[in-house]
$ cat final-v7.tsv   # TSV, C-alpha atoms and all ligand atoms
chain	number	residue	atom	x	y	z
A	5	MET	CA	0.00	0.00	0.00
A	6	HIS	CA	2.51	2.66	-1.04
A	7	GLU	CA	-0.55	4.45	-2.39
A	8	THR	CA	-0.93	5.87	1.14
A	9	SER	CA	2.51	7.47	0.86
A	10	LEU	CA	1.60	8.84	-2.54
A	11	VAL	CA	-1.56	10.41	-1.14
A	12	LEU	CA	0.34	11.92	1.80
A	13	SER	CA	2.94	13.36	-0.54
A	14	MET	CA	0.26	14.76	-2.85
A	15	CYS	CA	-1.75	16.33	-0.04
A	16	ALA	CA	1.36	17.88	1.53
A	17	GLN	CA	2.13	19.59	-1.79
A	18	ILE	CA	-1.41	20.83	-2.14
A	19	ARG	CA	-1.54	22.11	1.41
A	20	GLU	CA	1.64	24.10	0.90
A	21	LEU	CA	0.20	25.68	-2.22
A	22	ALA	CA	-3.16	26.29	-0.56
A	23	GLN	CA	-1.52	28.10	2.33
A	24	LYS	CA	0.30	30.41	-0.06
A	25	GLU	CA	-3.00	31.13	-1.80
A	26	GLY	CA	-4.82	31.67	1.48
A	27	ALA	CA	-7.32	28.96	0.59
A	28	GLN	CA	-9.57	27.40	3.19
A	29	GLY	CA	-10.12	24.08	1.53
A	30	VAL	CA	-9.78	22.02	-1.59
A	31	ALA	CA	-12.61	21.34	-4.05
A	32	THR	CA	-11.02	19.21	-6.74
A	33	ILE	CA	-7.73	17.42	-7.28
A	34	THR	CA	-6.85	16.10	-10.72
A	35	VAL	CA	-4.07	13.55	-11.05
A	36	ARG	CA	-2.69	11.68	-14.04
A	37	ILE	CA	-1.55	8.12	-13.42
A	38	GLY	CA	-0.11	5.81	-16.04
A	39	GLU	CA	-0.86	2.12	-16.32
A	40	LEU	CA	2.82	1.36	-15.88
A	41	ALA	CA	3.33	3.57	-12.82
A	42	GLY	CA	2.99	0.62	-10.47
A	43	VAL	CA	0.01	2.25	-8.78
A	44	GLU	CA	-3.37	0.64	-8.18
A	45	PHE	CA	-6.02	3.19	-9.13
A	46	GLU	CA	-8.50	1.70	-6.64
A	47	ALA	CA	-5.96	1.66	-3.83
A	48	PHE	CA	-5.04	5.27	-4.57
A	49	SER	CA	-8.69	6.42	-4.44
A	50	PHE	CA	-9.24	4.42	-1.28
A	51	ALA	CA	-6.15	5.85	0.40
A	52	PHE	CA	-7.41	9.33	-0.46
A	53	GLU	CA	-10.87	8.64	0.98
A	54	VAL	CA	-9.23	7.48	4.20
A	55	TYR	CA	-6.97	10.54	4.30
A	56	LYS	CA	-9.90	12.94	3.75
A	57	LYS	CA	-11.60	11.68	6.88
A	58	GLN	CA	-8.57	12.65	8.96
A	59	ASP	CA	-7.82	16.03	7.46
A	60	PRO	CA	-10.70	18.54	7.46
A	61	PHE	CA	-8.83	20.71	4.96
A	62	PHE	CA	-9.54	18.05	2.35
A	63	ALA	CA	-13.01	17.09	3.59
A	64	GLN	CA	-14.74	18.51	0.49
A	65	ALA	CA	-12.09	17.47	-1.99
A	66	HIS	CA	-13.07	15.41	-4.98
A	67	LEU	CA	-10.38	13.30	-6.62
A	68	LYS	CA	-10.27	12.87	-10.39
A	69	ILE	CA	-7.89	10.31	-11.83
A	70	GLU	CA	-6.91	10.57	-15.48
A	71	LYS	CA	-5.65	7.17	-16.48
A	72	VAL	CA	-2.93	7.07	-19.12
A	73	PRO	CA	-2.68	3.93	-21.23
A	74	ALA	CA	0.76	2.54	-22.01
A	75	ARG	CA	2.06	3.58	-25.43
A	76	LEU	CA	5.08	1.68	-26.59
A	77	ARG	CA	7.63	2.49	-29.29
A	78	CYS	CA	9.64	-0.09	-31.19
A	79	LEU	CA	13.37	0.43	-30.63
A	80	LEU	CA	14.06	-0.97	-34.10
A	81	CYS	CA	11.50	0.50	-36.49
A	82	GLY	CA	10.00	3.30	-34.39
A	83	HIS	CA	6.44	2.05	-34.75
A	84	GLU	CA	4.12	3.17	-31.93
A	85	THR	CA	1.49	0.90	-30.45
A	86	GLN	CA	-0.89	0.71	-27.53
A	87	ALA	CA	-0.36	-3.04	-27.20
A	88	GLN	CA	-0.30	-4.31	-23.63
A	89	GLY	CA	1.88	-6.77	-21.80
A	90	LEU	CA	4.46	-8.89	-23.51
A	91	THR	CA	4.21	-8.52	-27.25
A	92	PRO	CA	6.54	-8.08	-30.20
A	93	CYS	CA	6.29	-5.03	-32.45
A	94	PRO	CA	3.10	-5.34	-34.53
A	95	ALA	CA	4.82	-3.61	-37.45
A	96	CYS	CA	8.19	-5.36	-37.79
A	97	GLY	CA	7.65	-8.42	-35.58
A	98	GLN	CA	10.81	-7.79	-33.54
A	99	TRP	CA	10.96	-7.63	-29.75
A	100	GLY	CA	11.99	-4.41	-28.07
A	101	LEU	CA	9.08	-2.11	-27.31
A	102	GLU	CA	9.91	0.75	-25.00
A	103	PRO	CA	7.25	2.64	-23.05
A	104	ILE	CA	6.81	6.27	-24.09
A	105	THR	CA	3.72	6.88	-21.99
A	106	GLY	CA	2.23	5.06	-19.03
A	107	LYS	CA	4.74	5.86	-16.29
A	108	GLU	CA	3.06	9.15	-15.31
A	109	LEU	CA	2.41	9.91	-11.67
A	110	ASP	CA	1.48	13.58	-11.79
A	111	LEU	CA	-0.55	16.14	-9.94
A	112	LEU	CA	-2.16	18.09	-12.78
A	113	LYS	CA	-4.31	20.72	-11.12
A	114	VAL	CA	-6.20	21.65	-8.01
A	115	GLU	CA	-9.25	23.75	-7.42
A	116	LEU	CA	-8.92	25.63	-4.16
A	117	ILE	CA	-11.73	27.05	-2.06
A	118	LEU	CA	-11.02	30.69	-1.27
A	119	PRO	CA	-12.45	32.57	1.72
A	120	GLU	CA	-15.93	34.07	1.51
A	121	GLU	CA	-14.88	37.75	1.55
A	122	GLY	CA	-14.07	37.64	-2.17
A	123	LYS	CA	-17.65	36.99	-3.25
A	124	ASP	CA	-19.17	40.47	-2.76
A	125	HIS	CA	-20.13	41.06	-6.42
A	126	VAL	CA	-21.50	38.80	-9.07
B	12	MET	CA	-18.26	9.56	-7.94
B	13	CYS	CA	-18.87	11.21	-4.62
B	14	ASP	CA	-19.29	9.84	-1.15
B	15	HIS	CA	-22.86	10.98	-0.73
B	16	CYS	CA	-24.78	9.63	-3.66
B	17	GLY	CA	-22.34	7.85	-5.93
B	18	CYS	CA	-22.95	10.29	-8.78
B	19	GLU	CA	-20.32	10.90	-11.44
B	20	THR	CA	-20.02	14.62	-10.83
B	21	HIS	CA	-20.34	16.40	-7.55
B	22	GLN	CA	-21.11	19.85	-8.88
B	23	HIS	CA	-24.53	19.94	-7.26
B	24	HIS	CA	-23.05	19.51	-3.80
B	25	GLU	CA	-20.99	22.65	-4.00
B	26	PRO	CA	-22.59	25.48	-2.11
B	27	GLN	CA	-23.13	28.24	-4.67
B	28	GLU	CA	-21.33	30.92	-2.73
B	29	GLN	CA	-17.97	29.13	-2.77
B	30	LYS	CA	-15.24	30.99	-4.57
B	31	LEU	CA	-12.95	28.61	-6.39
B	32	LYS	CA	-9.55	29.07	-7.93
B	33	GLU	CA	-8.08	26.55	-10.28
B	34	ILE	CA	-4.31	26.15	-10.36
B	35	GLU	CA	-2.40	24.13	-12.93
B	36	LEU	CA	0.51	22.24	-11.39
B	37	GLU	CA	1.77	19.55	-13.78
B	38	LYS	CA	4.12	18.29	-11.09
B	39	SER	CA	5.08	14.82	-10.03
B	40	ILE	CA	3.06	13.54	-7.10
B	41	LEU	CA	6.41	12.51	-5.67
B	42	ALA	CA	8.11	15.84	-6.43
B	43	ALA	CA	9.36	16.15	-2.86
B	44	ASN	CA	10.92	12.69	-2.93
B	45	GLU	CA	12.44	13.32	-6.35
B	46	GLN	CA	14.11	16.50	-5.14
B	47	VAL	CA	15.76	14.73	-2.24
B	48	ALA	CA	16.70	11.79	-4.49
B	49	GLN	CA	18.40	14.18	-6.88
B	50	LYS	CA	20.34	15.72	-4.00
B	51	ASN	CA	21.37	12.25	-2.84
B	52	ARG	CA	22.49	11.40	-6.36
B	53	GLU	CA	24.69	14.51	-6.63
B	54	HIS	CA	26.11	13.82	-3.21
B	55	PHE	CA	27.02	10.21	-4.10
B	56	ARG	CA	28.53	11.29	-7.43
B	57	ASN	CA	30.70	13.93	-5.78
B	58	LYS	CA	32.04	11.33	-3.40
B	59	GLY	CA	32.69	8.81	-6.16
B	60	ILE	CA	30.31	6.27	-4.68
B	61	VAL	CA	28.20	3.95	-6.82
B	62	VAL	CA	24.82	3.24	-5.24
B	63	PHE	CA	22.64	0.17	-5.74
B	64	ASN	CA	18.99	-0.14	-4.71
B	65	LEU	CA	17.99	-3.79	-4.19
B	66	ILE	CA	14.30	-4.55	-4.64
B	67	SER	CA	12.57	-7.91	-4.20
B	68	ALA	CA	9.88	-9.77	-2.29
B	69	PRO	CA	10.88	-10.80	1.25
B	70	GLY	CA	13.18	-13.81	1.25
B	71	SER	CA	14.36	-13.56	-2.35
B	72	GLY	CA	17.96	-13.53	-1.17
B	73	LYS	CA	18.97	-9.84	-1.01
B	74	THR	CA	20.90	-10.12	2.25
B	75	SER	CA	22.48	-13.41	1.21
B	76	LEU	CA	23.65	-11.89	-2.06
B	77	LEU	CA	25.10	-8.94	-0.16
B	78	GLU	CA	26.96	-11.27	2.20
B	79	ALA	CA	28.44	-13.20	-0.72
B	80	THR	CA	29.26	-9.96	-2.57
B	81	ILE	CA	31.07	-8.50	0.43
B	82	GLU	CA	32.97	-11.75	0.88
B	83	ALA	CA	34.11	-11.63	-2.74
B	84	LEU	CA	34.99	-7.93	-2.91
B	85	LYS	CA	35.95	-6.71	0.52
B	86	ASP	CA	39.70	-6.90	-0.03
B	87	GLU	CA	39.40	-4.95	-3.29
B	88	ILE	CA	36.61	-2.41	-2.98
B	89	PRO	CA	35.35	-0.84	0.27
B	90	ILE	CA	31.61	-1.37	0.66
B	91	ALA	CA	28.85	0.02	2.91
B	92	VAL	CA	25.25	-1.12	3.33
B	93	ILE	CA	21.98	0.57	4.25
B	94	GLU	CA	19.45	-1.95	5.54
B	95	GLY	CA	15.79	-1.10	5.12
B	96	ASP	CA	14.21	-4.51	5.41
B	97	PRO	CA	12.28	-4.81	8.66
B	98	GLU	CA	11.14	-8.36	7.86
B	99	THR	CA	14.43	-9.66	9.12
B	100	GLU	CA	15.85	-7.55	11.93
B	101	ARG	CA	19.00	-9.58	11.88
B	102	ASP	CA	19.97	-8.40	8.40
B	103	ALA	CA	22.09	-5.52	9.68
B	104	GLU	CA	23.82	-7.92	12.10
B	105	ARG	CA	24.51	-10.35	9.29
B	106	ILE	CA	26.16	-7.58	7.26
B	107	ARG	CA	28.06	-6.19	10.24
B	108	ALA	CA	29.45	-9.65	10.88
B	109	LYS	CA	31.08	-9.37	7.45
B	110	GLY	CA	33.01	-6.36	8.70
B	111	VAL	CA	31.49	-3.54	6.64
B	112	PRO	CA	29.75	-0.38	7.88
B	113	VAL	CA	25.98	-0.75	7.95
B	114	VAL	CA	23.09	1.51	8.93
B	115	GLN	CA	19.68	0.09	9.75
B	116	ILE	CA	16.71	2.23	8.74
B	117	THR	CA	13.57	1.85	10.78
B	118	THR	CA	10.76	2.48	8.36
B	119	GLY	CA	7.98	2.47	10.94
B	120	GLY	CA	6.00	-0.08	9.00
B	121	ALA	CA	6.34	1.55	5.57
B	122	CYS	CA	6.44	-0.81	2.60
B	123	HIS	CA	9.27	1.05	0.86
B	124	LEU	CA	12.23	3.31	1.54
B	125	ASP	CA	12.17	6.92	0.43
B	126	ALA	CA	14.93	9.36	-0.46
B	127	GLN	CA	14.74	11.18	2.87
B	128	MET	CA	15.31	7.99	4.87
B	129	VAL	CA	18.33	7.22	2.73
B	130	HIS	CA	19.60	10.77	3.13
B	131	ARG	CA	19.52	10.41	6.92
B	132	ALA	CA	21.14	6.98	6.81
B	133	PHE	CA	23.85	8.31	4.53
B	134	HIS	CA	24.75	10.97	7.11
B	135	GLN	CA	25.32	8.19	9.61
B	136	LEU	CA	27.93	6.74	7.26
B	137	GLU	CA	29.89	9.99	7.14
B	138	GLY	CA	33.56	9.50	7.90
B	139	GLN	CA	33.50	5.95	6.56
B	140	ASP	CA	35.41	5.25	3.41
B	141	PHE	CA	33.55	3.22	0.78
B	142	ARG	CA	33.09	3.09	-2.98
B	143	LEU	CA	30.04	0.87	-3.34
B	144	LEU	CA	26.87	1.46	-1.34
B	145	PHE	CA	24.13	-1.17	-1.35
B	146	ILE	CA	20.68	-0.24	-0.14
B	147	GLU	CA	18.55	-3.26	0.75
B	148	ASN	CA	14.99	-2.02	0.28
B	149	VAL	CA	11.97	-3.24	2.25
B	150	GLY	CA	10.93	-6.74	1.19
B	151	ASN	CA	8.30	-5.92	-1.43
B	152	LEU	CA	8.60	-6.23	-5.19
B	153	VAL	CA	6.06	-3.55	-6.07
B	154	CYS	CA	5.88	-0.57	-3.71
B	155	PRO	CA	9.57	0.42	-3.59
B	156	SER	CA	9.71	0.82	-7.35
B	157	SER	CA	7.84	4.16	-7.23
B	158	PHE	CA	10.48	5.77	-5.01
B	159	ASP	CA	13.75	7.04	-6.44
B	160	LEU	CA	16.38	6.94	-3.70
B	161	GLY	CA	19.08	8.63	-5.77
B	162	GLU	CA	20.65	5.29	-6.68
B	163	ASP	CA	22.73	4.76	-9.79
B	164	ILE	CA	21.60	1.23	-10.36
B	165	ARG	CA	18.31	-0.37	-9.48
B	166	VAL	CA	18.46	-4.13	-9.04
B	167	VAL	CA	15.33	-6.29	-9.04
B	168	LEU	CA	15.67	-9.85	-7.73
B	169	VAL	CA	13.39	-12.85	-8.15
B	170	SER	CA	14.27	-16.20	-6.60
B	171	VAL	CA	13.59	-19.47	-8.36
B	172	PRO	CA	10.96	-20.69	-5.83
B	173	GLU	CA	8.84	-17.57	-6.47
B	174	GLY	CA	8.02	-18.81	-9.95
B	175	PRO	CA	8.66	-17.58	-13.46
B	176	ASP	CA	5.71	-15.20	-13.91
B	177	LYS	CA	6.99	-12.19	-11.95
B	178	PRO	CA	8.05	-10.04	-14.94
B	179	VAL	CA	4.66	-10.57	-16.60
B	180	LYS	CA	2.72	-9.91	-13.38
B	181	TYR	CA	4.67	-6.88	-12.18
B	182	PRO	CA	5.95	-5.16	-15.33
B	183	ALA	CA	6.34	-1.76	-13.62
B	184	SER	CA	9.07	-3.09	-11.32
B	185	PHE	CA	11.07	-4.43	-14.27
B	186	ILE	CA	10.55	-1.44	-16.53
B	187	LYS	CA	12.14	0.84	-13.94
B	188	ALA	CA	15.10	-1.45	-13.15
B	189	ASP	CA	18.63	-1.48	-14.56
B	190	VAL	CA	19.58	-4.97	-13.45
B	191	PHE	CA	17.58	-8.16	-12.99
B	192	CYS	CA	18.96	-11.03	-10.90
B	193	VAL	CA	17.44	-14.49	-10.80
B	194	THR	CA	18.54	-15.82	-7.39
B	195	LYS	CA	18.75	-19.30	-5.81
B	196	ALA	CA	19.70	-20.80	-9.15
B	197	ASP	CA	20.93	-23.91	-7.30
B	198	LEU	CA	17.23	-24.74	-6.83
B	199	LEU	CA	16.46	-24.81	-10.57
B	200	PRO	CA	16.37	-28.63	-10.70
B	201	TYR	CA	13.44	-28.64	-8.27
B	202	PHE	CA	11.19	-26.01	-9.84
B	203	ASP	CA	9.45	-25.37	-13.16
B	204	PHE	CA	11.48	-22.28	-13.82
B	205	ASP	CA	13.21	-21.74	-17.12
B	206	PRO	CA	15.72	-18.97	-16.36
B	207	GLU	CA	16.23	-18.20	-20.04
B	208	GLU	CA	12.55	-17.66	-20.60
B	209	VAL	CA	12.21	-15.49	-17.48
B	210	VAL	CA	15.20	-13.39	-18.48
B	211	ARG	CA	13.88	-13.11	-22.03
B	212	ASN	CA	10.48	-11.92	-20.76
B	213	ALA	CA	12.11	-9.34	-18.51
B	214	LYS	CA	14.20	-8.08	-21.41
B	215	ARG	CA	11.16	-7.86	-23.59
B	216	LEU	CA	9.67	-5.47	-21.06
B	217	ASN	CA	12.91	-3.59	-20.68
B	218	PRO	CA	15.46	-4.18	-23.45
B	219	LYS	CA	18.16	-2.31	-21.49
B	220	LEU	CA	18.17	-4.67	-18.49
B	221	ARG	CA	21.46	-6.30	-17.46
B	222	THR	CA	20.63	-9.79	-16.24
B	223	PHE	CA	22.34	-12.34	-14.00
B	224	VAL	CA	21.43	-15.85	-12.87
B	225	LEU	CA	22.95	-16.36	-9.41
B	226	SER	CA	23.25	-18.72	-6.49
B	227	VAL	CA	25.14	-17.92	-3.32
B	228	LYS	CA	25.76	-21.66	-3.00
B	229	GLU	CA	27.66	-21.70	-6.30
B	230	PRO	CA	30.49	-19.14	-6.25
B	231	GLU	CA	31.10	-19.72	-9.97
B	232	SER	CA	27.67	-18.24	-10.75
B	233	LEU	CA	28.58	-14.98	-8.99
B	234	LYS	CA	31.60	-14.19	-11.13
B	235	GLU	CA	29.80	-12.19	-13.77
B	236	TRP	CA	27.95	-10.18	-11.10
B	237	ILE	CA	31.18	-9.46	-9.24
B	238	ASN	CA	32.88	-8.36	-12.46
B	239	PHE	CA	29.96	-6.08	-13.20
B	240	LEU	CA	30.37	-4.43	-9.78
B	241	LYS	CA	34.09	-3.98	-10.36
B	242	GLU	CA	33.34	-2.34	-13.71
B	243	MET	CA	30.87	0.02	-12.07
B	244	ALA	CA	33.35	0.99	-9.36
B	245	ALA	CA	36.09	1.54	-11.96
B	246	GLN	CA	33.85	3.80	-14.08
B	247	ARG	CA	33.16	6.09	-11.15
B	248	ALA	CA	36.78	6.18	-9.98
C	1	LIG	N1	19.23	-22.49	-1.87
C	1	LIG	C1	19.49	-21.19	-1.76
C	1	LIG	N2	18.94	-20.49	-0.74
C	1	LIG	C2	19.20	-19.17	-0.66
C	1	LIG	C3	20.01	-18.50	-1.62
C	1	LIG	N3	20.06	-17.18	-1.27
C	1	LIG	C4	19.32	-17.06	-0.16
C	1	LIG	N4	18.81	-18.24	0.22
C	1	LIG	C5	17.96	-18.51	1.40
C	1	LIG	O1	16.75	-17.79	1.29
C	1	LIG	C6	16.33	-17.31	2.58
C	1	LIG	C7	16.10	-15.80	2.54
C	1	LIG	O2	17.33	-15.16	2.19
C	1	LIG	P1	17.64	-13.65	2.56
C	1	LIG	O3	18.98	-13.34	1.99
C	1	LIG	O4	17.45	-13.41	4.01
C	1	LIG	O5	16.50	-12.91	1.73
C	1	LIG	P2	16.03	-11.35	1.78
C	1	LIG	O6	14.79	-11.29	2.62
C	1	LIG	O7	15.74	-10.99	0.34
C	1	LIG	O8	17.16	-10.57	2.36
C	1	LIG	C8	17.42	-17.71	3.56
C	1	LIG	O9	17.02	-18.88	4.22
C	1	LIG	C9	18.61	-17.98	2.67
C	1	LIG	O10	19.48	-18.95	3.21
C	1	LIG	C10	20.56	-19.26	-2.69
C	1	LIG	O11	21.28	-18.78	-3.56
C	1	LIG	N5	20.25	-20.60	-2.72
C	2	MG	MG	17.13	-9.21	3.93
C	3	ZN	ZN	2.90	-0.93	-0.31
C	4	ZN	ZN	9.12	-2.52	-35.04
C	5	ZN	ZN	21.76	16.16	4.91

$ encode --input "final-v7.tsv" --output "structure tokens"
Amino acid sequence: MHETSLVLSMCAQIRELAQKEGAQGVATITVRIGELAGVEFEAFSFAFEVYKKQDPFFAQAHLKIEKVPARLRCLLCGHETQAQGLTPCPACGQWGLEPITGKELDLLKVELILPEEGKDHV
Amino acid sequence: MCDHCGCETHQHHEPQEQKLKEIELEKSILAANEQVAQKNREHFRNKGIVVFNLISAPGSGKTSLLEATIEALKDEIPIAVIEGDPETERDAERIRAKGVPVVQITTGGACHLDAQMVHRAFHQLEGQDFRLLFIENVGNLVCPSSFDLGEDIRVVLVSVPEGPDKPVKYPASFIKADVFCVTKADLLPYFDFDPEEVVRNAKRLNPKLRTFVLSVKEPESLKEWINFLKEMAAQRA
């Protein structure tokens, strides 16, 4: 369950940013996680739900996970494919596909909740 | 999906008066760890130390391989070890008995080491003279692979009794490794484990992997590994 560590690291980053911005909470967190990142999407969401219950600052936060499929490029012919698991290059038949996407583990954006005083006009 | 009603969006739960501000980050979730790892890496480079991060399930033979490696190299290349495996508290003792400096990290139940833990452990080795540093990660094939420690070379180990399907089941661990060791090769006669096939599968996932088939019971099998370590130490010298 290193997903718990990932959530802690993510929330620490967000909190730091939120403090700079004078925010009072977090509305949305968008992350991008690749299929080859070694992270269980379910475990990550679960770890976040657990964390939320302990940290009121994140009580309202909604987590969005953008899943990135693995794209592989043939080291020999350069062909790109979305093929999964162990497979030779569909174009030239040789082995040697290198991942070009799928290893992402990124915090893309956050939506912070700012204090009420800013809402005087519409 | 939200907690309250299981809906796909949660827009309708937001009180209208909330003022929101969206901020684009595009940063690694592990940015903090990566920063420390990078510092570690620079630090090791400046000192001319080559650092190895050993990752495997518990019991795959990390400590045994370290013992055999120290035995083979200790008169030639000074070595130090950072022990992060809490499964076997005696690991640090086993290494110390071989006469090399060792620091035990207490992870407090974590399933992986992180760069900060290694940074602290490294400070405890200050004043010691060594060229190769081995970090034995927590016994877990999956979790440690997300955390850069600042190592030069990441070694993934799978022992023969664990079965041949590990590269296929846990591709992420192999994709991020530099070296793959099949361990306990002396047990090959007793298991359905074709080392060539396993190595081939691992290389198909990661064509750049260096691979070794090892047994601490068969010193002959360690030669290539030992030569590789000597090469690495010579390159950094
Ligand atoms: N037969 C055999 N057993 C081994 C070998 N290497 C380790 N072992 C045994 O496997 C068990 C776990 O080894 P250890 O080095 O503690 O694994 P670690 O948890 O990865 O550090 C011990 O009982 C070792 O004696 C090997 O090459 N051959
Ligand atoms: Mg051990
Ligand atoms: Zn874990
Ligand atoms: Zn091709
Ligand atoms: Zn320091």

$ residues_near_ligand --input "final-v7.tsv" --ligand "ligand LIG 1 (chain C)" --cutoff "8 Å" --atoms "all atoms listed in the file" --output "list in words"
Ser67, Ala68, Pro69, Gly70, Ser71, Gly72, Lys73, Thr74, Ser75, Leu76, Leu77, Asp96, Glu98, Thr99, Asp102, Glu147, Gly150, Ser170, Thr194, Lys195, Ala196, Asp197, Leu198, Leu225, Ser226, Val227, Lys228 and Glu229 of chain B

$ atom_distance --input "final-v7.tsv" --atom1 "CA of Arg131 in chain B" --atom2 "CA of Ala43 in chain B"
15.2 Å

$ atom_distance --input "final-v7.tsv" --atom1 "CA of Phe223 in chain B" --atom2 "CA of Ala87 in chain A"
27.9 Å

$ residues_around --input "final-v7.tsv" --residues "Val190 in chain B" --least-positions-apart "3" --cutoff "7 Å" --atoms "only C-alpha atoms" --output "VMD selection string"
chain B and resid 165 to 167 220 to 222

$ residues_near_point --input "final-v7.tsv" --point "(-0.3, -5.2, -22.2)" --cutoff "10 Å" --atoms "all atoms listed in the file" --output "ChimeraX atom specification"
/A:39-40,73-76,86-91 /B:179,182

$ atom_distance --input "final-v7.tsv" --atom1 "CA of Glu120 in chain A" --atom2 "CA of Glu20 in chain A"
20.2 Å

$ residues_around --input "final-v7.tsv" --residues "Pro218 in chain B" --least-positions-apart "3" --cutoff "10 Å" --atoms "all atoms listed in the file" --output "PyMOL selection string"
(chain A and resi 79+99-102) or (chain B and resi 186+189+211-215+221)

$ residues_near_ligand --input "final-v7.tsv" --ligand "ligand ZN 3 (chain C)" --cutoff "9 Å" --atoms "only C-alpha atoms and all ligand atoms" --output "list in words"
Met5, His6, Glu7, Thr8 and Ser9 of chain A; Ala121, Cys122, His123, Asn151, Val153, Cys154 and Pro155 of chain B

$ interface_residues --input "final-v7.tsv" --of "chain B" --to "chain A" --cutoff "6 Å" --atoms "only C-alpha atoms" --output "ChimeraX atom specification"
/B:30-40,154,183,215,218

$ closest_residue --input "final-v7.tsv" --among "A:Ala47, A:Val72, A:Leu80, A:Ala63" --to "ligand ZN 4 (chain C)" --atoms "only C-alpha atoms and all ligand atoms"
A:Leu80

$ residues_around --input "final-v7.tsv" --residues "Lys109 in chain B" --least-positions-apart "3" --cutoff "9 Å" --atoms "only C-alpha atoms" --output "MDAnalysis selection string"
chainID B and resid 78 81:82 85 104:106

$ decode --input "final-v7.tsv" --residues "range 47-58 of chain B" --atoms "N, CA and C atoms" --output "compact mmCIF listing (two decimals), in the first residue's frame"
# COMPACT_ATOMS: atom_id res chain seq x y z
N VAL B 47 14.78 15.27 -3.18
CA VAL B 47 15.76 14.73 -2.24
C VAL B 47 16.60 13.66 -2.93
N ALA B 48 15.97 12.85 -3.76
CA ALA B 48 16.70 11.79 -4.49
C ALA B 48 17.78 12.41 -5.37
N GLN B 49 17.44 13.51 -6.01
CA GLN B 49 18.40 14.18 -6.88
C GLN B 49 19.58 14.72 -6.08
N LYS B 50 19.26 15.24 -4.89
CA LYS B 50 20.34 15.72 -4.00
C LYS B 50 21.24 14.57 -3.59
N ASN B 51 20.60 13.45 -3.21
CA ASN B 51 21.37 12.25 -2.84
C ASN B 51 22.31 11.86 -3.99
N ARG B 52 21.74 11.85 -5.19
CA ARG B 52 22.49 11.40 -6.36
C ARG B 52 23.73 12.27 -6.56
N GLU B 53 23.56 13.58 -6.46
CA GLU B 53 24.69 14.51 -6.63
C GLU B 53 25.75 14.25 -5.56
N HIS B 54 25.26 14.08 -4.36
CA HIS B 54 26.11 13.82 -3.21
C HIS B 54 26.96 12.56 -3.44
N PHE B 55 26.32 11.48 -3.86
CA PHE B 55 27.02 10.21 -4.10
C PHE B 55 28.05 10.39 -5.21
N ARG B 56 27.63 11.06 -6.29
CA ARG B 56 28.53 11.29 -7.43
C ARG B 56 29.78 12.02 -6.98
N ASN B 57 29.57 13.13 -6.23
CA ASN B 57 30.70 13.93 -5.78
C ASN B 57 31.68 13.11 -4.95
N LYS B 58 31.17 12.13 -4.24
CA LYS B 58 32.04 11.33 -3.40
C LYS B 58 32.58 10.11 -4.13
